[in-house]
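What follows is a short report on a single structure.
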Number of protein chains: 2
Amino acid sequence: MRTAVTDAVTTDAYPLSPRNQVKRRHDRGFYDHATVHRLLDASMLCHVSYVIDGQPYCTPTFFWREGSKLYWHGSSASRMLRNQTGGERVCLTVAHLDSLVLARCGFNHSADYRAVMAFGTAYLVTDAIEKERALVAMVDRFFPERTASLRQSTVQEIKATSVIAMEIEQASAKIRSKGVADDDEDYELPIYAERIPVRTVLGRPEPCPRLLDGVERPASLGAYSEGRLLEDALRDAHFAHYAGG
Amino acid sequence: MRTAVTDAVTTDAYPLSPRNQVKRRHDRGFYDHATVHRLLDASMLCHVSYVIDGQPYCTPTFFWREGSKLYWHGSSASRMLRNQTGGERVCLTVAHLDSLVLARCGFNHSADYRAVMAFGTAYLVTDAIEKERALVAMVDRFFPERTASLRQSTVQEIKATSVIAMEIEQASAKIRSKGVADDDEDYELPIYAERIPVRTVLGRPEPCPRLLDGVERPASLGAYSEGRLLEDALRDAHFAHYAGG
């Protein structure tokens, strides 16, 4: 899985440029598709940065990946979407916090994490077929096969939903996973140090209290079970919807 | 706690402007200090957006709040920090994902979440006293009283750490917490709907395998116990360090 930075300029890696090259801690940088995509697919929530009149905005939103394309959506009236329809530059970031790291000096306090920054130009999906497919994926990428069981979308609902897409032009993943890492001489000191794991997990699903009699939870939601890591459920769902792609 | 949008222009709320006003779903917007600060203090991880040569960047990083000021830090060599020292505009965002919401039509699929966007102008902390206090808070705000037990920072370490600060000029919180919310007529349909809670929790702390004999976990880390919500531990720590401020 690990692709060293020096091997990254291969066909299955995102191209390196000053924009996406991990500047510090080169040992934490990855550019291969497998690593970048795996981290993206483990998340539903991203943060999208864009600029309006010189002011940067950072909006949390839901997104999904199809090949090397990222999609997100929102109301056609939203500020973010109104400003991402003219080919604006954006940066879409995903971060997983894996632990808090308490070291023997302040400087070595840290955290284990996995993050991806993806750069590209956003465009409004106006092609009717691409939009229709995206609106299905918006649900089914997270909850495989669910759209077929739902009340169909109305023309008004489709109109009210904008879908934005971005081809990933550059991307980098940055991963720290080493836990406590103190200076050699500090290990001789009588100071407590530890790693505190952090996990994002699913709780017990709460059926809508207004379900009609006899309506049961579909087996296709099996990936979303109490106590499971959210990222595992999301990866399974991506795999099921895109057949591993 | 809830302050209606129309009441938000009070002394204990961030000023409303086109920049921070929640454009859609006004019912989800909050501007009062109590709501905004409570959500900020519940997170260690934020995403900071900034602009370099017209390109937006969205960098995940750790931050903390002191009054209406936000702090974050990094290597003095990092791209983000090198570009935030000249009074650059930034947007710092925190998001908590609370649930996935499966509705009876695609359009009403949603999520419960709590997010804050804070706007301001970043500056490099160069004042020696402010920097010293910030480097203590960087550890003790998360792990109260810990700095006193650590190996002291060296001059070189202090030099290698840049601290960035930003006075919050505008901020907004956006909260959705209603779970499944379908159109009235859709409740009559035989379609399964549910809310899947999502929680970010602490795992069992893992002491460094190289601890010296007799070095015990200090009682001051008691807030970080297995199974606890990360956000509760972080709020307790903020309260302990700033005495509730």
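Residues are referred to by chain and number: the chain letter is A, B, ... according to the order shown in the structure tokens, the number counts from 1 in that chain, and ligands are numbered separately from 1 in the order shown.
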Q.
Just list as a PyMOL selection string whatever in segment 32-70 of chain A DSSP marks as helix (DSSP H, G or I).
A. chain A and resi 33-41
I'd like the superposed chain B, fitted onto chain A by least squares over all Cα atoms in order, as a PDB file with C-alpha atoms, in the first residue's frame.
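This went into result_7.pdb:
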ATOM      1  CA  MET B   1       0.129   0.082  -0.073  1.00  0.00           C
ATOM      2  CA  ARG B   2       2.764   2.565   0.956  1.00  0.00           C
ATOM      3  CA  THR B   3       4.287   4.359  -1.990  1.00  0.00           C
ATOM      4  CA  ALA B   4       7.358   6.314  -1.141  1.00  0.00           C
ATOM      5  CA  VAL B   5       7.368   9.948  -2.160  1.00  0.00           C
ATOM      6  CA  THR B   6      10.180   9.282  -4.593  1.00  0.00           C
ATOM      7  CA  ASP B   7       8.104   6.641  -6.362  1.00  0.00           C
ATOM      8  CA  ALA B   8       5.026   8.806  -6.583  1.00  0.00           C
ATOM      9  CA  VAL B   9       5.376   9.950 -10.170  1.00  0.00           C
ATOM     10  CA  THR B  10       3.854   6.786 -11.577  1.00  0.00           C
ATOM     11  CA  THR B  11       0.655   6.319 -13.532  1.00  0.00           C
ATOM     12  CA  ASP B  12      -1.320   5.421 -10.418  1.00  0.00           C
ATOM     13  CA  ALA B  13      -0.364   8.480  -8.400  1.00  0.00           C
ATOM     14  CA  TYR B  14      -1.440  12.118  -8.434  1.00  0.00           C
ATOM     15  CA  PRO B  15       1.198  14.385  -9.972  1.00  0.00           C
ATOM     16  CA  LEU B  16       3.483  16.179  -7.580  1.00  0.00           C
ATOM     17  CA  SER B  17       3.592  19.959  -7.654  1.00  0.00           C
ATOM     18  CA  PRO B  18       4.467  22.684  -5.184  1.00  0.00           C
ATOM     19  CA  ARG B  19       0.750  22.877  -4.469  1.00  0.00           C
ATOM     20  CA  ASN B  20       0.228  19.381  -3.104  1.00  0.00           C
ATOM     21  CA  GLN B  21       3.707  18.354  -2.048  1.00  0.00           C
ATOM     22  CA  VAL B  22       3.831  17.734   1.686  1.00  0.00           C
ATOM     23  CA  LYS B  23       6.313  20.389   2.718  1.00  0.00           C
ATOM     24  CA  ARG B  24       7.190  19.214   6.173  1.00  0.00           C
ATOM     25  CA  ARG B  25       7.664  15.678   7.400  1.00  0.00           C
ATOM     26  CA  HIS B  26       8.105  14.209   3.937  1.00  0.00           C
ATOM     27  CA  ASP B  27       7.874  10.771   5.521  1.00  0.00           C
ATOM     28  CA  ARG B  28       4.202  11.485   6.169  1.00  0.00           C
ATOM     29  CA  GLY B  29       3.311  12.276   2.539  1.00  0.00           C
ATOM     30  CA  PHE B  30       1.625   9.906   0.085  1.00  0.00           C
ATOM     31  CA  TYR B  31       0.400  10.599  -3.426  1.00  0.00           C
ATOM     32  CA  ASP B  32      -0.685   7.223  -4.785  1.00  0.00           C
ATOM     33  CA  HIS B  33      -4.308   6.760  -5.785  1.00  0.00           C
ATOM     34  CA  ALA B  34      -4.807   3.772  -3.469  1.00  0.00           C
ATOM     35  CA  THR B  35      -3.864   5.689  -0.317  1.00  0.00           C
ATOM     36  CA  VAL B  36      -5.644   8.909  -1.286  1.00  0.00           C
ATOM     37  CA  HIS B  37      -8.847   7.169  -2.378  1.00  0.00           C
ATOM     38  CA  ARG B  38      -8.957   4.852   0.628  1.00  0.00           C
ATOM     39  CA  LEU B  39      -8.915   7.850   2.974  1.00  0.00           C
ATOM     40  CA  LEU B  40     -11.506   9.752   0.947  1.00  0.00           C
ATOM     41  CA  ASP B  41     -13.852   6.755   0.846  1.00  0.00           C
ATOM     42  CA  ALA B  42     -13.629   6.409   4.630  1.00  0.00           C
ATOM     43  CA  SER B  43     -15.381   9.744   5.137  1.00  0.00           C
ATOM     44  CA  MET B  44     -18.768  11.245   4.464  1.00  0.00           C
ATOM     45  CA  LEU B  45     -17.825  14.686   5.744  1.00  0.00           C
ATOM     46  CA  CYS B  46     -15.277  16.905   4.039  1.00  0.00           C
ATOM     47  CA  HIS B  47     -14.344  20.566   4.262  1.00  0.00           C
ATOM     48  CA  VAL B  48     -14.367  22.545   1.029  1.00  0.00           C
ATOM     49  CA  SER B  49     -12.400  25.774   0.758  1.00  0.00           C
ATOM     50  CA  TYR B  50     -13.246  28.422  -1.792  1.00  0.00           C
ATOM     51  CA  VAL B  51     -12.688  32.133  -2.214  1.00  0.00           C
ATOM     52  CA  ILE B  52     -15.199  34.938  -2.620  1.00  0.00           C
ATOM     53  CA  ASP B  53     -13.793  38.432  -3.112  1.00  0.00           C
ATOM     54  CA  GLY B  54     -10.502  37.441  -1.537  1.00  0.00           C
ATOM     55  CA  GLN B  55     -12.152  35.962   1.563  1.00  0.00           C
ATOM     56  CA  PRO B  56     -11.598  32.257   2.065  1.00  0.00           C
ATOM     57  CA  TYR B  57     -14.535  30.137   3.231  1.00  0.00           C
ATOM     58  CA  CYS B  58     -14.308  26.675   4.714  1.00  0.00           C
ATOM     59  CA  THR B  59     -17.612  24.836   4.484  1.00  0.00           C
ATOM     60  CA  PRO B  60     -18.219  21.371   5.922  1.00  0.00           C
ATOM     61  CA  THR B  61     -20.285  19.264   3.574  1.00  0.00           C
ATOM     62  CA  PHE B  62     -20.935  15.694   2.434  1.00  0.00           C
ATOM     63  CA  PHE B  63     -19.159  14.337  -0.587  1.00  0.00           C
ATOM     64  CA  TRP B  64     -18.433  11.139  -2.468  1.00  0.00           C
ATOM     65  CA  ARG B  65     -15.853   9.887  -4.956  1.00  0.00           C
ATOM     66  CA  GLU B  66     -16.338   8.307  -8.347  1.00  0.00           C
ATOM     67  CA  GLY B  67     -12.989   7.369  -9.871  1.00  0.00           C
ATOM     68  CA  SER B  68     -10.827  10.474  -9.648  1.00  0.00           C
ATOM     69  CA  LYS B  69     -13.847  12.769  -9.482  1.00  0.00           C
ATOM     70  CA  LEU B  70     -15.320  14.178  -6.288  1.00  0.00           C
ATOM     71  CA  TYR B  71     -18.954  15.206  -5.942  1.00  0.00           C
ATOM     72  CA  TRP B  72     -20.794  17.270  -3.389  1.00  0.00           C
ATOM     73  CA  HIS B  73     -24.171  18.910  -3.366  1.00  0.00           C
ATOM     74  CA  GLY B  74     -26.414  21.391  -1.700  1.00  0.00           C
ATOM     75  CA  SER B  75     -29.288  23.745  -2.217  1.00  0.00           C
ATOM     76  CA  SER B  76     -29.169  25.612  -5.476  1.00  0.00           C
ATOM     77  CA  ALA B  77     -29.519  28.716  -3.326  1.00  0.00           C
ATOM     78  CA  SER B  78     -26.500  28.142  -1.110  1.00  0.00           C
ATOM     79  CA  ARG B  79     -23.606  30.592  -1.091  1.00  0.00           C
ATOM     80  CA  MET B  80     -21.028  27.898  -1.577  1.00  0.00           C
ATOM     81  CA  LEU B  81     -22.698  26.487  -4.647  1.00  0.00           C
ATOM     82  CA  ARG B  82     -23.574  29.804  -6.199  1.00  0.00           C
ATOM     83  CA  ASN B  83     -19.873  30.600  -6.076  1.00  0.00           C
ATOM     84  CA  GLN B  84     -18.573  27.307  -7.424  1.00  0.00           C
ATOM     85  CA  THR B  85     -20.315  27.238 -10.731  1.00  0.00           C
ATOM     86  CA  GLY B  86     -17.889  29.273 -12.785  1.00  0.00           C
ATOM     87  CA  GLY B  87     -14.848  27.032 -12.644  1.00  0.00           C
ATOM     88  CA  GLU B  88     -13.544  28.203  -9.280  1.00  0.00           C
ATOM     89  CA  ARG B  89     -10.469  26.704  -7.661  1.00  0.00           C
ATOM     90  CA  VAL B  90     -11.279  24.668  -4.578  1.00  0.00           C
ATOM     91  CA  CYS B  91      -9.495  22.514  -2.061  1.00  0.00           C
ATOM     92  CA  LEU B  92     -11.415  19.602  -0.565  1.00  0.00           C
ATOM     93  CA  THR B  93      -9.990  18.150   2.624  1.00  0.00           C
ATOM     94  CA  VAL B  94     -10.781  15.080   4.698  1.00  0.00           C
ATOM     95  CA  ALA B  95      -9.222  14.393   8.084  1.00  0.00           C
ATOM     96  CA  HIS B  96      -9.425  11.412  10.414  1.00  0.00           C
ATOM     97  CA  LEU B  97      -8.240  11.905  13.990  1.00  0.00           C
ATOM     98  CA  ASP B  98      -6.866   8.597  15.299  1.00  0.00           C
ATOM     99  CA  SER B  99      -5.309   9.487  18.643  1.00  0.00           C
ATOM    100  CA  LEU B 100      -4.014  12.131  20.990  1.00  0.00           C
ATOM    101  CA  VAL B 101      -0.318  11.729  21.732  1.00  0.00           C
ATOM    102  CA  LEU B 102       1.080  12.871  25.083  1.00  0.00           C
ATOM    103  CA  ALA B 103       4.849  13.015  25.000  1.00  0.00           C
ATOM    104  CA  ARG B 104       7.553  13.868  27.532  1.00  0.00           C
ATOM    105  CA  CYS B 105       7.954  17.462  26.350  1.00  0.00           C
ATOM    106  CA  GLY B 106       5.501  19.973  24.916  1.00  0.00           C
ATOM    107  CA  PHE B 107       7.148  20.008  21.514  1.00  0.00           C
ATOM    108  CA  ASN B 108       6.531  16.292  20.917  1.00  0.00           C
ATOM    109  CA  HIS B 109       2.874  16.377  21.867  1.00  0.00           C
ATOM    110  CA  SER B 110       1.031  15.383  18.749  1.00  0.00           C
ATOM    111  CA  ALA B 111      -1.749  13.281  17.331  1.00  0.00           C
ATOM    112  CA  ASP B 112      -2.063  10.369  14.990  1.00  0.00           C
ATOM    113  CA  TYR B 113      -4.156  11.327  11.995  1.00  0.00           C
ATOM    114  CA  ARG B 114      -4.842  10.584   8.341  1.00  0.00           C
ATOM    115  CA  ALA B 115      -5.709  13.480   6.052  1.00  0.00           C
ATOM    116  CA  VAL B 116      -6.147  14.168   2.354  1.00  0.00           C
ATOM    117  CA  MET B 117      -6.095  17.502   0.551  1.00  0.00           C
ATOM    118  CA  ALA B 118      -7.442  17.396  -3.007  1.00  0.00           C
ATOM    119  CA  PHE B 119      -7.178  20.303  -5.425  1.00  0.00           C
ATOM    120  CA  GLY B 120      -9.170  21.039  -8.525  1.00  0.00           C
ATOM    121  CA  THR B 121     -11.633  23.242 -10.353  1.00  0.00           C
ATOM    122  CA  ALA B 122     -15.270  22.947  -9.341  1.00  0.00           C
ATOM    123  CA  TYR B 123     -18.052  22.879 -11.905  1.00  0.00           C
ATOM    124  CA  LEU B 124     -21.817  22.724 -11.660  1.00  0.00           C
ATOM    125  CA  VAL B 125     -23.158  19.454 -13.016  1.00  0.00           C
ATOM    126  CA  THR B 126     -25.637  20.579 -15.666  1.00  0.00           C
ATOM    127  CA  ASP B 127     -25.697  17.512 -17.900  1.00  0.00           C
ATOM    128  CA  ALA B 128     -29.040  15.839 -17.119  1.00  0.00           C
ATOM    129  CA  ILE B 129     -27.678  12.295 -17.253  1.00  0.00           C
ATOM    130  CA  GLU B 130     -24.639  13.045 -15.085  1.00  0.00           C
ATOM    131  CA  LYS B 131     -26.866  14.856 -12.597  1.00  0.00           C
ATOM    132  CA  GLU B 132     -29.359  11.995 -12.439  1.00  0.00           C
ATOM    133  CA  ARG B 133     -26.571   9.485 -11.847  1.00  0.00           C
ATOM    134  CA  ALA B 134     -25.050  11.752  -9.202  1.00  0.00           C
ATOM    135  CA  LEU B 135     -28.345  12.130  -7.329  1.00  0.00           C
ATOM    136  CA  VAL B 136     -28.630   8.356  -7.157  1.00  0.00           C
ATOM    137  CA  ALA B 137     -25.019   7.991  -5.993  1.00  0.00           C
ATOM    138  CA  MET B 138     -25.570  10.728  -3.389  1.00  0.00           C
ATOM    139  CA  VAL B 139     -27.832   8.230  -1.579  1.00  0.00           C
ATOM    140  CA  ASP B 140     -26.699   4.821  -2.849  1.00  0.00           C
ATOM    141  CA  ARG B 141     -22.980   5.387  -2.436  1.00  0.00           C
ATOM    142  CA  PHE B 142     -23.709   5.620   1.325  1.00  0.00           C
ATOM    143  CA  PHE B 143     -26.704   3.274   1.460  1.00  0.00           C
ATOM    144  CA  PRO B 144     -26.379   0.798  -1.418  1.00  0.00           C
ATOM    145  CA  GLU B 145     -29.513   0.137  -3.488  1.00  0.00           C
ATOM    146  CA  ARG B 146     -31.587   2.467  -1.327  1.00  0.00           C
ATOM    147  CA  THR B 147     -32.833   4.805  -4.080  1.00  0.00           C
ATOM    148  CA  ALA B 148     -34.930   2.027  -5.640  1.00  0.00           C
ATOM    149  CA  SER B 149     -36.920   1.740  -2.400  1.00  0.00           C
ATOM    150  CA  LEU B 150     -37.609   5.466  -1.981  1.00  0.00           C
ATOM    151  CA  ARG B 151     -40.377   7.810  -3.076  1.00  0.00           C
ATOM    152  CA  GLN B 152     -39.131   9.172  -6.414  1.00  0.00           C
ATOM    153  CA  SER B 153     -37.668  12.656  -6.485  1.00  0.00           C
ATOM    154  CA  THR B 154     -39.899  15.355  -7.904  1.00  0.00           C
ATOM    155  CA  VAL B 155     -38.829  17.683 -10.671  1.00  0.00           C
ATOM    156  CA  GLN B 156     -38.874  20.484  -8.103  1.00  0.00           C
ATOM    157  CA  GLU B 157     -36.563  18.573  -5.738  1.00  0.00           C
ATOM    158  CA  ILE B 158     -34.109  17.844  -8.526  1.00  0.00           C
ATOM    159  CA  LYS B 159     -34.163  21.493  -9.531  1.00  0.00           C
ATOM    160  CA  ALA B 160     -33.563  22.564  -5.946  1.00  0.00           C
ATOM    161  CA  THR B 161     -30.476  20.356  -5.614  1.00  0.00           C
ATOM    162  CA  SER B 162     -27.228  21.480  -7.181  1.00  0.00           C
ATOM    163  CA  VAL B 163     -24.479  18.950  -7.711  1.00  0.00           C
ATOM    164  CA  ILE B 164     -20.897  20.157  -7.912  1.00  0.00           C
ATOM    165  CA  ALA B 165     -18.088  18.027  -9.282  1.00  0.00           C
ATOM    166  CA  MET B 166     -14.339  18.343  -9.362  1.00  0.00           C
ATOM    167  CA  GLU B 167     -11.731  16.270 -11.141  1.00  0.00           C
ATOM    168  CA  ILE B 168      -8.842  15.752  -8.711  1.00  0.00           C
ATOM    169  CA  GLU B 169      -5.904  17.543 -10.314  1.00  0.00           C
ATOM    170  CA  GLN B 170      -3.510  17.160  -7.403  1.00  0.00           C
ATOM    171  CA  ALA B 171      -3.861  15.424  -4.089  1.00  0.00           C
ATOM    172  CA  SER B 172      -1.773  14.430  -1.144  1.00  0.00           C
ATOM    173  CA  ALA B 173      -2.346  12.255   1.866  1.00  0.00           C
ATOM    174  CA  LYS B 174      -0.570  12.902   5.136  1.00  0.00           C
ATOM    175  CA  ILE B 175      -0.457  10.174   7.735  1.00  0.00           C
ATOM    176  CA  ARG B 176       0.994  10.039  11.229  1.00  0.00           C
ATOM    177  CA  SER B 177       0.570   6.774  13.081  1.00  0.00           C
ATOM    178  CA  LYS B 178       3.579   6.345  15.339  1.00  0.00           C
ATOM    179  CA  GLY B 179       2.064   7.240  18.707  1.00  0.00           C
ATOM    180  CA  VAL B 180       4.512   8.548  21.312  1.00  0.00           C
ATOM    181  CA  ALA B 181       7.811   9.560  19.691  1.00  0.00           C
ATOM    182  CA  ASP B 182      10.095  11.320  22.125  1.00  0.00           C
ATOM    183  CA  ASP B 183      13.680  12.480  21.776  1.00  0.00           C
ATOM    184  CA  ASP B 184      16.014   9.620  22.666  1.00  0.00           C
ATOM    185  CA  GLU B 185      17.307  11.194  25.860  1.00  0.00           C
ATOM    186  CA  ASP B 186      13.804  12.056  27.095  1.00  0.00           C
ATOM    187  CA  TYR B 187      12.927   8.376  27.535  1.00  0.00           C
ATOM    188  CA  GLU B 188      15.211   8.441  30.591  1.00  0.00           C
ATOM    189  CA  LEU B 189      12.965  10.967  32.343  1.00  0.00           C
ATOM    190  CA  PRO B 190      10.341  10.005  34.928  1.00  0.00           C
ATOM    191  CA  ILE B 191       7.510  11.584  32.917  1.00  0.00           C
ATOM    192  CA  TYR B 192       4.239   9.919  32.021  1.00  0.00           C
ATOM    193  CA  ALA B 193       3.474   9.563  28.286  1.00  0.00           C
ATOM    194  CA  GLU B 194       0.650   7.845  26.449  1.00  0.00           C
ATOM    195  CA  ARG B 195      -1.419   7.547  23.309  1.00  0.00           C
ATOM    196  CA  ILE B 196      -5.181   7.956  23.638  1.00  0.00           C
ATOM    197  CA  PRO B 197      -6.996   6.300  20.731  1.00  0.00           C
ATOM    198  CA  VAL B 198      -9.934   8.151  19.181  1.00  0.00           C
ATOM    199  CA  ARG B 199     -12.616   6.367  17.186  1.00  0.00           C
ATOM    200  CA  THR B 200     -15.703   7.521  15.351  1.00  0.00           C
ATOM    201  CA  VAL B 201     -18.313   4.808  15.794  1.00  0.00           C
ATOM    202  CA  LEU B 202     -21.943   4.166  14.939  1.00  0.00           C
ATOM    203  CA  GLY B 203     -24.562   4.102  17.665  1.00  0.00           C
ATOM    204  CA  ARG B 204     -27.656   1.908  17.687  1.00  0.00           C
ATOM    205  CA  PRO B 205     -29.817   2.805  14.677  1.00  0.00           C
ATOM    206  CA  GLU B 206     -33.019   4.590  15.718  1.00  0.00           C
ATOM    207  CA  PRO B 207     -35.946   3.613  13.451  1.00  0.00           C
ATOM    208  CA  CYS B 208     -38.304   6.501  12.656  1.00  0.00           C
ATOM    209  CA  PRO B 209     -41.125   6.370  15.235  1.00  0.00           C
ATOM    210  CA  ARG B 210     -43.643   6.879  12.435  1.00  0.00           C
ATOM    211  CA  LEU B 211     -42.752   3.752  10.413  1.00  0.00           C
ATOM    212  CA  LEU B 212     -45.812   1.917   9.068  1.00  0.00           C
ATOM    213  CA  ASP B 213     -46.537  -1.506  10.542  1.00  0.00           C
ATOM    214  CA  GLY B 214     -44.515  -4.260   8.986  1.00  0.00           C
ATOM    215  CA  VAL B 215     -41.812  -2.010   7.494  1.00  0.00           C
ATOM    216  CA  GLU B 216     -38.486  -3.627   8.374  1.00  0.00           C
ATOM    217  CA  ARG B 217     -34.890  -2.464   8.173  1.00  0.00           C
ATOM    218  CA  PRO B 218     -33.536  -3.644   4.803  1.00  0.00           C
ATOM    219  CA  ALA B 219     -30.592  -6.056   4.813  1.00  0.00           C
ATOM    220  CA  SER B 220     -28.678  -3.597   2.612  1.00  0.00           C
ATOM    221  CA  LEU B 221     -28.142  -1.413   5.708  1.00  0.00           C
ATOM    222  CA  GLY B 222     -26.301  -4.245   7.431  1.00  0.00           C
ATOM    223  CA  ALA B 223     -22.972  -2.399   7.195  1.00  0.00           C
ATOM    224  CA  TYR B 224     -24.347   0.215   9.603  1.00  0.00           C
ATOM    225  CA  SER B 225     -24.437  -1.693  12.872  1.00  0.00           C
ATOM    226  CA  GLU B 226     -23.971  -0.462  16.421  1.00  0.00           C
ATOM    227  CA  GLY B 227     -20.369  -0.136  17.535  1.00  0.00           C
ATOM    228  CA  ARG B 228     -18.858  -0.344  14.067  1.00  0.00           C
ATOM    229  CA  LEU B 229     -16.350   2.231  12.892  1.00  0.00           C
ATOM    230  CA  LEU B 230     -18.075   4.782  10.673  1.00  0.00           C
ATOM    231  CA  GLU B 231     -15.163   4.594   8.255  1.00  0.00           C
ATOM    232  CA  ASP B 232     -15.538   0.820   7.812  1.00  0.00           C
ATOM    233  CA  ALA B 233     -19.250   1.148   7.067  1.00  0.00           C
ATOM    234  CA  LEU B 234     -18.567   3.931   4.570  1.00  0.00           C
ATOM    235  CA  ARG B 235     -15.830   1.948   2.802  1.00  0.00           C
ATOM    236  CA  ASP B 236     -18.072  -1.109   2.550  1.00  0.00           C
ATOM    237  CA  ALA B 237     -20.837   1.037   1.091  1.00  0.00           C
ATOM    238  CA  HIS B 238     -18.521   2.624  -1.457  1.00  0.00           C
ATOM    239  CA  PHE B 239     -17.287  -0.818  -2.453  1.00  0.00           C
ATOM    240  CA  ALA B 240     -20.823  -2.180  -2.760  1.00  0.00           C
ATOM    241  CA  HIS B 241     -22.073   0.737  -4.859  1.00  0.00           C
ATOM    242  CA  TYR B 242     -19.077   1.056  -7.154  1.00  0.00           C
ATOM    243  CA  ALA B 243     -18.174  -2.648  -7.114  1.00  0.00           C
ATOM    244  CA  GLY B 244     -14.795  -1.826  -5.650  1.00  0.00           C
ATOM    245  CA  GLY B 245     -13.979   0.955  -8.125  1.00  0.00           C
TER     246      GLY B 245
END
